[in-house]
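Worksheet: the structure to be examined is printed underneath.
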Amino acid sequence: MSRQSNRTTDSKKMNAELFTLTYGALVTQLCKDYENDEEVNKQLDKMGYNIGVRLIEDFLARSSVGRCQDFRETADVIAKVAFKMYLGITPSVTNWSPAGDEFSLILESNPLVDFVELPDNHSSLVYSNLLCGVLRGALEMVQMAVEVKFSQDTLRGDNVTEIRMKFIKRMEENLPAGDE
Amino acid sequence: MAIFSVYAVNKSGGFIYQYDNYVHRAEAEKTFRYPLDCVLKIHDEKVVVSFGQRDGIRVGNALLSINGLDVNGKFTADGKEIIEYLKDSTNYPLSILFGRARLSSNEKLMPASMFHSLFAIGSQLSPEVGSTGIEMLETDMFKRHCFQTLTGIKLIVLTDPRQSGIDELLRKIYEIYSDFALKNPFYSLAMPIRSPGC
């Protein structure tokens with residue numbers, strides 16, 4: 001299974017459709033199984049977390065990005081490199097809090113929710129909650145504890161999708177030797 | 001045979017993976033008559049030479065096989081205790097293969113974990129602030145390269161001293177690790193990697 005770094009855009013588009021379908025099947029099955037939107041949100045977050053802890057290694061191996069010096073750099077790397085690499089979109093980084101520990105990622109388009117419409121009985125479902133888990137899991141593996149949630153969602157009627165990321169703390173106890 | 005072995009150690013110092021690619025060069029097989037002129041002793045569940053170095057058999061070499069049959073620790077292939085077997089003159093003449101003891105995977109675990117600790121100490125001993133741990137250890141017989149990822153996994157490669165291009169090799173190994181180990185959903189992170197043929 002060799003990876004080609006420059007896939008044609010055609011094959012990328014096809015993979016995206018299958019990806020959207022797969023994700024959709026996953027969410028609907030979870031809804032059927034749990035019948036409770038909050039529980040589904042939690043499960044999506046957990047699944048995302050498991051994806052995130054593995055994805056980070058793949059990301060680091062492929063992008064050879066070094067350790068980020070501060071949270072701003074982290075935000076830039078997430079938006080410009082990571083999202084581009086995995087979802088093919090480049091969200092913008094805005095709404096920095098005065099303390100510099102919170103920011104928003106504004107996604108113009110979200111490949112997970114192509115053609116998806118939330119029905120009324122699932123109004124509190126955060127459809128793309130997997131992404132929150134992924135970001136949380138990935139950053140935890142590089143010793144950053146963050147809180148990630150959706151503050152705006154196109155599926156709920158907002159104009160854009162906004163992910164709010166808050167830096168909680170640096171996890172010093174898991175630091176690999178040599179990084180301070 | 002420029003790359004001797006590859007090891008992977010996880011964040012907490014636990015051994016994840018090892019692969020060896022070297023031929024044991026220091027082996028000597030000889031035919032012996034009674035009585036045996038090497039003094040043998042049991043050390044770590046293996047029979048080793050403690051006195052009587054000659055003809056390529058060195059002190060510390062372990063007894064690897066008798067008459068072509070590999071021994072099993074301190075017992076022969078058919079379950080007899082080696083020391084007793086060698087005291088019986090009716091078993092002679094026999095040919096014994098001595099060589100450097102091959103390390104079991106448990107024994108490899110210890111040096112790997114020790115290296116993890118040394119790596120941590122190395123970064124603290126450094127006079128420069130903010131240096132990483134040990135990247136390369138060089139001896140006259142081999143070079144030991146270590147690459148630590150941002151997530152704490154250490155990839156260690158033992159190579160011939162003249163081998164170059166190890167940095168790229170380490171990056172490539174990291175890519176392969178992230179592919180094959182991580183993309184397998186049944187693989188738990190930081191657990192030993194079981195792979196057929198290792």
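Naming scheme: A, B, ... for chains in displayed order of the structure tokens; residues 1 onward per chain; ligands 1 onward as shown.
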
Apply DSSP to the structure's backbone, then extract all residues of stretch 69-140 of chain A labelled strand (DSSP E) and return them as a list in words. Ser92, Val93, Thr94, Glu102, Phe103, Ser104, Leu105, Ile106 and Leu107 of chain A

Include all heavy atoms and write out the residues we just selected as a short mmCIF file (atom, residue, chain, number, x, y, z; two decimals), in the first residue's frame.
```cif
data_model
loop_
_atom_site.label_atom_id
_atom_site.label_comp_id
_atom_site.auth_asym_id
_atom_site.auth_seq_id
_atom_site.Cartn_x
_atom_site.Cartn_y
_atom_site.Cartn_z
N SER A 92 -9.94 29.58 8.52
CA SER A 92 -9.22 30.78 8.93
C SER A 92 -9.23 30.86 10.46
O SER A 92 -10.16 30.38 11.11
CB SER A 92 -9.86 32.02 8.32
OG SER A 92 -11.26 31.96 8.45
N VAL A 93 -8.18 31.45 10.98
CA VAL A 93 -8.01 31.54 12.44
C VAL A 93 -8.41 32.94 12.86
O VAL A 93 -7.80 33.92 12.42
CB VAL A 93 -6.55 31.26 12.83
CG1 VAL A 93 -6.36 31.38 14.32
CG2 VAL A 93 -6.14 29.89 12.35
N THR A 94 -9.42 33.06 13.70
CA THR A 94 -9.90 34.40 14.08
C THR A 94 -10.29 34.42 15.55
O THR A 94 -10.20 33.42 16.24
CB THR A 94 -11.15 34.78 13.28
OG1 THR A 94 -12.13 33.76 13.51
CG2 THR A 94 -10.87 34.94 11.82
N GLU A 102 -7.52 31.35 23.42
CA GLU A 102 -8.70 30.81 22.77
C GLU A 102 -8.77 31.37 21.37
O GLU A 102 -8.47 32.55 21.17
CB GLU A 102 -9.97 31.27 23.51
CG GLU A 102 -10.64 30.19 24.30
CD GLU A 102 -11.99 30.64 24.80
OE1 GLU A 102 -12.02 31.20 25.90
OE2 GLU A 102 -12.97 30.45 24.08
N PHE A 103 -9.17 30.56 20.42
CA PHE A 103 -9.35 31.11 19.07
C PHE A 103 -10.43 30.31 18.37
O PHE A 103 -10.86 29.26 18.85
CB PHE A 103 -8.04 31.07 18.28
CG PHE A 103 -7.57 29.69 17.95
CD1 PHE A 103 -7.90 29.08 16.74
CD2 PHE A 103 -6.78 28.99 18.84
CE1 PHE A 103 -7.46 27.81 16.43
CE2 PHE A 103 -6.33 27.71 18.54
CZ PHE A 103 -6.67 27.12 17.34
N SER A 104 -10.83 30.82 17.23
CA SER A 104 -11.86 30.14 16.44
C SER A 104 -11.31 29.74 15.10
O SER A 104 -10.53 30.48 14.49
CB SER A 104 -13.05 31.05 16.20
OG SER A 104 -13.70 31.32 17.39
N LEU A 105 -11.74 28.60 14.66
CA LEU A 105 -11.45 28.18 13.29
C LEU A 105 -12.74 28.31 12.51
O LEU A 105 -13.75 27.70 12.88
CB LEU A 105 -11.02 26.71 13.26
CG LEU A 105 -9.62 26.38 13.75
CD1 LEU A 105 -9.50 24.89 13.97
CD2 LEU A 105 -8.59 26.82 12.74
N ILE A 106 -12.72 29.12 11.48
CA ILE A 106 -13.93 29.30 10.67
C ILE A 106 -13.79 28.45 9.43
O ILE A 106 -12.87 28.66 8.63
CB ILE A 106 -14.08 30.78 10.24
CG1 ILE A 106 -13.94 31.69 11.45
CG2 ILE A 106 -15.40 30.99 9.53
CD1 ILE A 106 -15.17 31.81 12.27
N LEU A 107 -14.70 27.50 9.29
CA LEU A 107 -14.66 26.62 8.12
C LEU A 107 -15.73 27.08 7.14
O LEU A 107 -16.91 27.09 7.46
CB LEU A 107 -14.98 25.18 8.51
CG LEU A 107 -13.91 24.34 9.20
CD1 LEU A 107 -13.77 24.71 10.65
CD2 LEU A 107 -14.28 22.87 9.10
#
```

Residues of stretch 30-81 of chain A within 9 Å of stretch 142-163 of chain B: nearest atom pair and distance (Å, one decimal) for each, counting only C-alpha atoms, sorted by chain and number, as a tab-separated table?
```
residue	atom	partner	partner_atom	distance
A:Ile56	CA	B:Thr151	CA	8.3
A:Glu57	CA	B:Thr151	CA	7.4
A:Leu60	CA	B:Leu150	CA	7.8
A:Ala61	CA	B:Thr149	CA	8.6
A:Gly66	CA	B:Leu150	CA	7.8
A:Arg67	CA	B:Leu150	CA	6.9
```

Go ahead and save the picked residues with all heavy atoms, as a tab-separated table (two decimals), in the first residue's frame.
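This is the output file again.tsv:
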```tsv
chain	number	residue	atom	x	y	z
A	56	ILE	N	-1.92	12.09	14.81
A	56	ILE	CA	-0.85	13.03	15.09
A	56	ILE	C	0.49	12.45	14.64
A	56	ILE	O	1.33	13.17	14.09
A	56	ILE	CB	-0.83	13.42	16.58
A	56	ILE	CG1	0.25	14.44	16.87
A	56	ILE	CG2	-0.64	12.23	17.47
A	56	ILE	CD1	-0.04	15.80	16.37
A	57	GLU	N	0.68	11.15	14.82
A	57	GLU	CA	1.95	10.55	14.40
A	57	GLU	C	2.07	10.60	12.90
A	57	GLU	O	3.14	10.91	12.34
A	57	GLU	CB	2.01	9.09	14.85
A	57	GLU	CG	1.83	8.88	16.32
A	57	GLU	CD	3.15	8.73	17.04
A	57	GLU	OE1	4.19	9.03	16.44
A	57	GLU	OE2	3.11	8.35	18.20
A	60	LEU	N	2.87	14.17	11.97
A	60	LEU	CA	4.25	14.56	12.26
A	60	LEU	C	5.22	13.88	11.31
A	60	LEU	O	6.22	14.47	10.90
A	60	LEU	CB	4.60	14.21	13.70
A	60	LEU	CG	3.92	15.06	14.76
A	60	LEU	CD1	4.21	14.52	16.13
A	60	LEU	CD2	4.38	16.50	14.65
A	61	ALA	N	4.92	12.62	10.98
A	61	ALA	CA	5.84	11.90	10.10
A	61	ALA	C	5.82	12.51	8.71
A	61	ALA	O	6.84	12.62	8.05
A	61	ALA	CB	5.45	10.43	10.02
A	66	GLY	N	8.11	20.99	13.25
A	66	GLY	CA	8.74	20.85	14.56
A	66	GLY	C	7.77	21.23	15.66
A	66	GLY	O	6.60	21.45	15.42
A	67	ARG	N	8.28	21.30	16.88
A	67	ARG	CA	7.42	21.65	18.00
A	67	ARG	C	7.02	23.12	17.91
A	67	ARG	O	7.86	23.97	17.65
A	67	ARG	CB	8.17	21.40	19.32
A	67	ARG	CG	7.29	21.52	20.52
A	67	ARG	CD	7.98	21.04	21.76
A	67	ARG	NE	7.99	19.60	21.86
A	67	ARG	CZ	6.94	18.87	22.22
A	67	ARG	NH1	5.80	19.45	22.51
A	67	ARG	NH2	7.04	17.57	22.29
```

Neighbour list for A:Gln152 as an mmCIF file with N, CA and C atoms, in the first residue's frame, cut-off 9 Å, only C-alpha atoms, skip fewer than 2 positions in-chain:
```
data_model
loop_
_atom_site.group_PDB
_atom_site.id
_atom_site.type_symbol
_atom_site.label_atom_id
_atom_site.label_comp_id
_atom_site.auth_asym_id
_atom_site.auth_seq_id
_atom_site.Cartn_x
_atom_site.Cartn_y
_atom_site.Cartn_z
ATOM 1 N N ILE A 106 -12.715 29.123 11.477
ATOM 2 C CA ILE A 106 -13.928 29.305 10.669
ATOM 3 C C ILE A 106 -13.787 28.452 9.427
ATOM 4 N N PHE A 150 -17.903 23.098 18.959
ATOM 5 C CA PHE A 150 -18.483 23.852 17.852
ATOM 6 C C PHE A 150 -19.296 25.004 18.424
ATOM 7 N N THR A 154 -23.258 25.073 10.340
ATOM 8 C CA THR A 154 -24.132 25.352 9.206
ATOM 9 C C THR A 154 -25.359 24.454 9.227
ATOM 10 N N LEU A 155 -25.243 23.292 9.833
ATOM 11 C CA LEU A 155 -26.389 22.391 9.871
ATOM 12 C C LEU A 155 -27.492 22.924 10.765
ATOM 13 N N ARG A 156 -27.098 23.806 11.699
ATOM 14 C CA ARG A 156 -28.120 24.351 12.585
ATOM 15 C C ARG A 156 -28.619 25.685 12.100
ATOM 16 N N GLY A 157 -28.208 26.085 10.922
ATOM 17 C CA GLY A 157 -28.725 27.333 10.370
ATOM 18 C C GLY A 157 -27.772 28.507 10.391
ATOM 19 N N ASP A 158 -26.555 28.308 10.960
ATOM 20 C CA ASP A 158 -25.612 29.436 10.948
ATOM 21 C C ASP A 158 -24.975 29.565 9.569
ATOM 22 N N ASN A 159 -24.301 30.683 9.360
ATOM 23 C CA ASN A 159 -23.700 30.905 8.043
ATOM 24 C C ASN A 159 -22.439 30.089 7.841
ATOM 25 N N VAL A 160 -21.662 30.002 8.898
ATOM 26 C CA VAL A 160 -20.394 29.295 8.782
ATOM 27 C C VAL A 160 -20.314 28.278 9.912
ATOM 28 N N THR A 161 -19.349 27.401 9.796
ATOM 29 C CA THR A 161 -19.070 26.472 10.877
ATOM 30 C C THR A 161 -17.878 27.009 11.652
ATOM 31 N N GLU A 162 -18.058 27.137 12.955
ATOM 32 C CA GLU A 162 -16.986 27.709 13.766
ATOM 33 C C GLU A 162 -16.614 26.739 14.879
ATOM 34 N N ILE A 163 -15.337 26.423 14.947
ATOM 35 C CA ILE A 163 -14.831 25.552 16.013
ATOM 36 C C ILE A 163 -14.056 26.430 16.985
ATOM 37 N N ARG A 164 -14.425 26.353 18.243
ATOM 38 C CA ARG A 164 -13.754 27.185 19.250
ATOM 39 C C ARG A 164 -12.759 26.297 19.997
#
```

As a list of chain:residue names, which residues of stretch 48-129 of chain B does DSSP assign to alpha helix (DSSP H)?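 Secondary structure check on stretch 48-129 of chain B, alpha helix (DSSP H): B:Ile82, B:Ile83, B:Glu84, B:Tyr85, B:Leu86, B:Lys87, B:Ser105, B:Asn106, B:Glu107, B:Lys108, B:Leu109, B:Met110, B:Pro111, B:Ala112, B:Ser113, B:Met114, B:Phe115, B:His116, B:Ser117, B:Leu118, B:Phe119, B:Ala120, B:Ile121, B:Gly122, B:Ser123, B:Gln124, B:Leu125.
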
Export N, CA and C atoms of the chosen residues as a compact mmCIF listing (two decimals), in the first residue's frame?
```txt
# COMPACT_ATOMS: atom_id res chain seq x y z
N ILE B 82 23.16 -30.14 30.56
CA ILE B 82 24.40 -30.14 29.77
C ILE B 82 25.61 -30.48 30.61
N ILE B 83 25.71 -29.88 31.78
CA ILE B 83 26.90 -30.09 32.61
C ILE B 83 27.04 -31.57 32.94
N GLU B 84 25.95 -32.20 33.27
CA GLU B 84 25.99 -33.63 33.58
C GLU B 84 26.36 -34.43 32.34
N TYR B 85 25.78 -34.02 31.23
CA TYR B 85 26.04 -34.71 29.96
C TYR B 85 27.51 -34.65 29.60
N LEU B 86 28.13 -33.50 29.85
CA LEU B 86 29.53 -33.34 29.48
C LEU B 86 30.46 -34.06 30.44
N LYS B 87 29.96 -34.41 31.63
CA LYS B 87 30.84 -35.12 32.57
C LYS B 87 30.91 -36.60 32.23
N SER B 105 14.32 -12.04 23.76
CA SER B 105 13.66 -10.73 23.69
C SER B 105 13.55 -10.09 25.05
N ASN B 106 13.48 -10.89 26.09
CA ASN B 106 13.48 -10.30 27.44
C ASN B 106 14.78 -9.60 27.72
N GLU B 107 15.86 -10.22 27.25
CA GLU B 107 17.16 -9.61 27.53
C GLU B 107 17.35 -8.34 26.73
N LYS B 108 16.69 -8.27 25.58
CA LYS B 108 16.84 -7.05 24.80
C LYS B 108 16.05 -5.92 25.43
N LEU B 109 15.05 -6.29 26.16
CA LEU B 109 14.19 -5.29 26.79
C LEU B 109 14.98 -4.43 27.74
N MET B 110 15.90 -5.07 28.47
CA MET B 110 16.63 -4.33 29.47
C MET B 110 17.50 -3.23 28.88
N PRO B 111 18.34 -3.53 27.89
CA PRO B 111 19.13 -2.43 27.32
C PRO B 111 18.27 -1.33 26.71
N ALA B 112 17.16 -1.72 26.13
CA ALA B 112 16.33 -0.69 25.51
C ALA B 112 15.76 0.24 26.57
N SER B 113 15.29 -0.32 27.65
CA SER B 113 14.74 0.54 28.70
C SER B 113 15.83 1.38 29.34
N MET B 114 17.01 0.76 29.44
CA MET B 114 18.12 1.52 30.02
C MET B 114 18.49 2.68 29.13
N PHE B 115 18.42 2.46 27.84
CA PHE B 115 18.74 3.55 26.93
C PHE B 115 17.75 4.67 27.08
N HIS B 116 16.51 4.33 27.32
CA HIS B 116 15.49 5.35 27.53
C HIS B 116 15.86 6.24 28.71
N SER B 117 16.32 5.60 29.79
CA SER B 117 16.71 6.40 30.96
C SER B 117 17.95 7.23 30.65
N LEU B 118 18.90 6.63 29.94
CA LEU B 118 20.12 7.37 29.59
C LEU B 118 19.79 8.57 28.73
N PHE B 119 18.86 8.39 27.85
CA PHE B 119 18.43 9.45 26.98
C PHE B 119 17.92 10.63 27.79
N ALA B 120 17.10 10.33 28.79
CA ALA B 120 16.56 11.39 29.63
C ALA B 120 17.67 12.08 30.41
N ILE B 121 18.59 11.27 30.95
CA ILE B 121 19.69 11.86 31.72
C ILE B 121 20.56 12.70 30.81
N GLY B 122 20.77 12.21 29.59
CA GLY B 122 21.60 12.93 28.65
C GLY B 122 21.11 14.34 28.41
N SER B 123 19.79 14.49 28.29
CA SER B 123 19.27 15.83 28.02
C SER B 123 19.44 16.73 29.23
N GLN B 124 19.45 16.15 30.41
CA GLN B 124 19.62 16.99 31.60
C GLN B 124 21.07 17.36 31.83
N LEU B 125 21.98 16.50 31.39
CA LEU B 125 23.40 16.77 31.63
C LEU B 125 23.94 17.82 30.68
```

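Taking atom CA of B:Asn72 as the reference point, atom CA of B:Ser95 is found at 16.3 Å.
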
To one decimal in Å, tell me the separation between atom CA of A:Asn110 and atom CA of A:Ile89.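 Straight-line distance from atom CA of A:Asn110 to atom CA of A:Ile89 works out to 7.8 Å.
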
Using only C-alpha atoms, the shortest atom-to-atom distance to A:Gly52 among A:Leu30, A:Ala25, A:Leu131, A:Cys68 belongs to A:Leu131

Skip B:Ile42 itself and residues of its chain fewer than 3 positions away, then list as JSON, numbers by chain all residues within 12 Å of it, counting only C-alpha atoms. {"B": [39, 45, 46, 47, 48, 49, 50, 60, 61, 62, 63, 73, 74, 75, 81, 82, 83, 84]}

Limited to N, CA, C and O atoms, could you put the picked residues into a file as a short mmCIF file (atom, residue, chain, number, x, y, z; two decimals), in the first residue's frame?
```
data_model
loop_
_atom_site.label_atom_id
_atom_site.label_comp_id
_atom_site.auth_asym_id
_atom_site.auth_seq_id
_atom_site.Cartn_x
_atom_site.Cartn_y
_atom_site.Cartn_z
N VAL B 39 36.46 -24.78 31.14
CA VAL B 39 35.65 -24.81 32.35
C VAL B 39 34.36 -24.08 32.03
O VAL B 39 34.38 -22.94 31.57
N GLU B 45 20.93 -18.83 33.08
CA GLU B 45 20.25 -19.93 32.39
C GLU B 45 20.96 -20.37 31.13
O GLU B 45 20.39 -21.08 30.32
N LYS B 46 22.20 -19.99 30.95
CA LYS B 46 22.95 -20.46 29.78
C LYS B 46 24.26 -21.05 30.28
O LYS B 46 24.75 -20.69 31.34
N VAL B 47 24.83 -21.94 29.46
CA VAL B 47 26.12 -22.52 29.82
C VAL B 47 27.18 -21.68 29.12
O VAL B 47 27.22 -21.60 27.90
N VAL B 48 28.05 -21.06 29.90
CA VAL B 48 29.08 -20.20 29.29
C VAL B 48 30.46 -20.67 29.71
O VAL B 48 30.63 -21.36 30.72
N VAL B 49 31.42 -20.27 28.90
CA VAL B 49 32.82 -20.62 29.16
C VAL B 49 33.34 -19.66 30.21
O VAL B 49 33.26 -18.45 30.05
N SER B 50 33.90 -20.21 31.31
CA SER B 50 34.46 -19.29 32.30
C SER B 50 35.98 -19.35 32.30
O SER B 50 36.63 -18.44 32.80
N GLY B 60 33.19 -16.28 28.09
CA GLY B 60 31.91 -15.57 27.95
C GLY B 60 31.07 -16.12 26.82
O GLY B 60 29.87 -15.88 26.77
N ASN B 61 31.71 -16.87 25.92
CA ASN B 61 30.91 -17.48 24.85
C ASN B 61 29.97 -18.51 25.43
O ASN B 61 30.32 -19.26 26.32
N ALA B 62 28.82 -18.56 24.86
CA ALA B 62 27.84 -19.52 25.36
C ALA B 62 27.89 -20.78 24.52
O ALA B 62 28.29 -20.76 23.36
N LEU B 63 27.44 -21.85 25.09
CA LEU B 63 27.36 -23.11 24.38
C LEU B 63 26.09 -23.07 23.56
O LEU B 63 24.99 -22.99 24.10
N GLY B 73 18.79 -23.48 26.65
CA GLY B 73 19.19 -22.97 27.96
C GLY B 73 20.31 -23.82 28.52
O GLY B 73 21.37 -23.96 27.95
N LYS B 74 20.06 -24.45 29.67
CA LYS B 74 21.11 -25.31 30.20
C LYS B 74 20.81 -26.79 29.97
O LYS B 74 21.44 -27.66 30.55
N PHE B 75 19.85 -27.06 29.11
CA PHE B 75 19.52 -28.44 28.78
C PHE B 75 19.82 -28.68 27.31
O PHE B 75 19.71 -27.79 26.49
N GLU B 81 20.56 -32.36 31.24
CA GLU B 81 21.34 -31.21 31.71
C GLU B 81 22.72 -31.26 31.11
O GLU B 81 23.41 -32.30 31.17
N ILE B 82 23.16 -30.14 30.56
CA ILE B 82 24.40 -30.14 29.77
C ILE B 82 25.61 -30.48 30.61
O ILE B 82 26.47 -31.28 30.21
N ILE B 83 25.71 -29.88 31.78
CA ILE B 83 26.90 -30.09 32.61
C ILE B 83 27.04 -31.57 32.94
O ILE B 83 28.15 -32.15 32.86
N GLU B 84 25.95 -32.20 33.27
CA GLU B 84 25.99 -33.63 33.58
C GLU B 84 26.36 -34.43 32.34
O GLU B 84 27.15 -35.37 32.38
#
```

Could you state the separation of atom CA of B:Ile166 and atom CA of B:Ala190 in Å, given to one decimal place?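 Between these atoms lies a distance of 23.8 Å.
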
Residue among B:Leu97, B:Val71, B:Ile193, B:Ile176 lying closest to chain A, counting only C-alpha atoms: B:Ile176
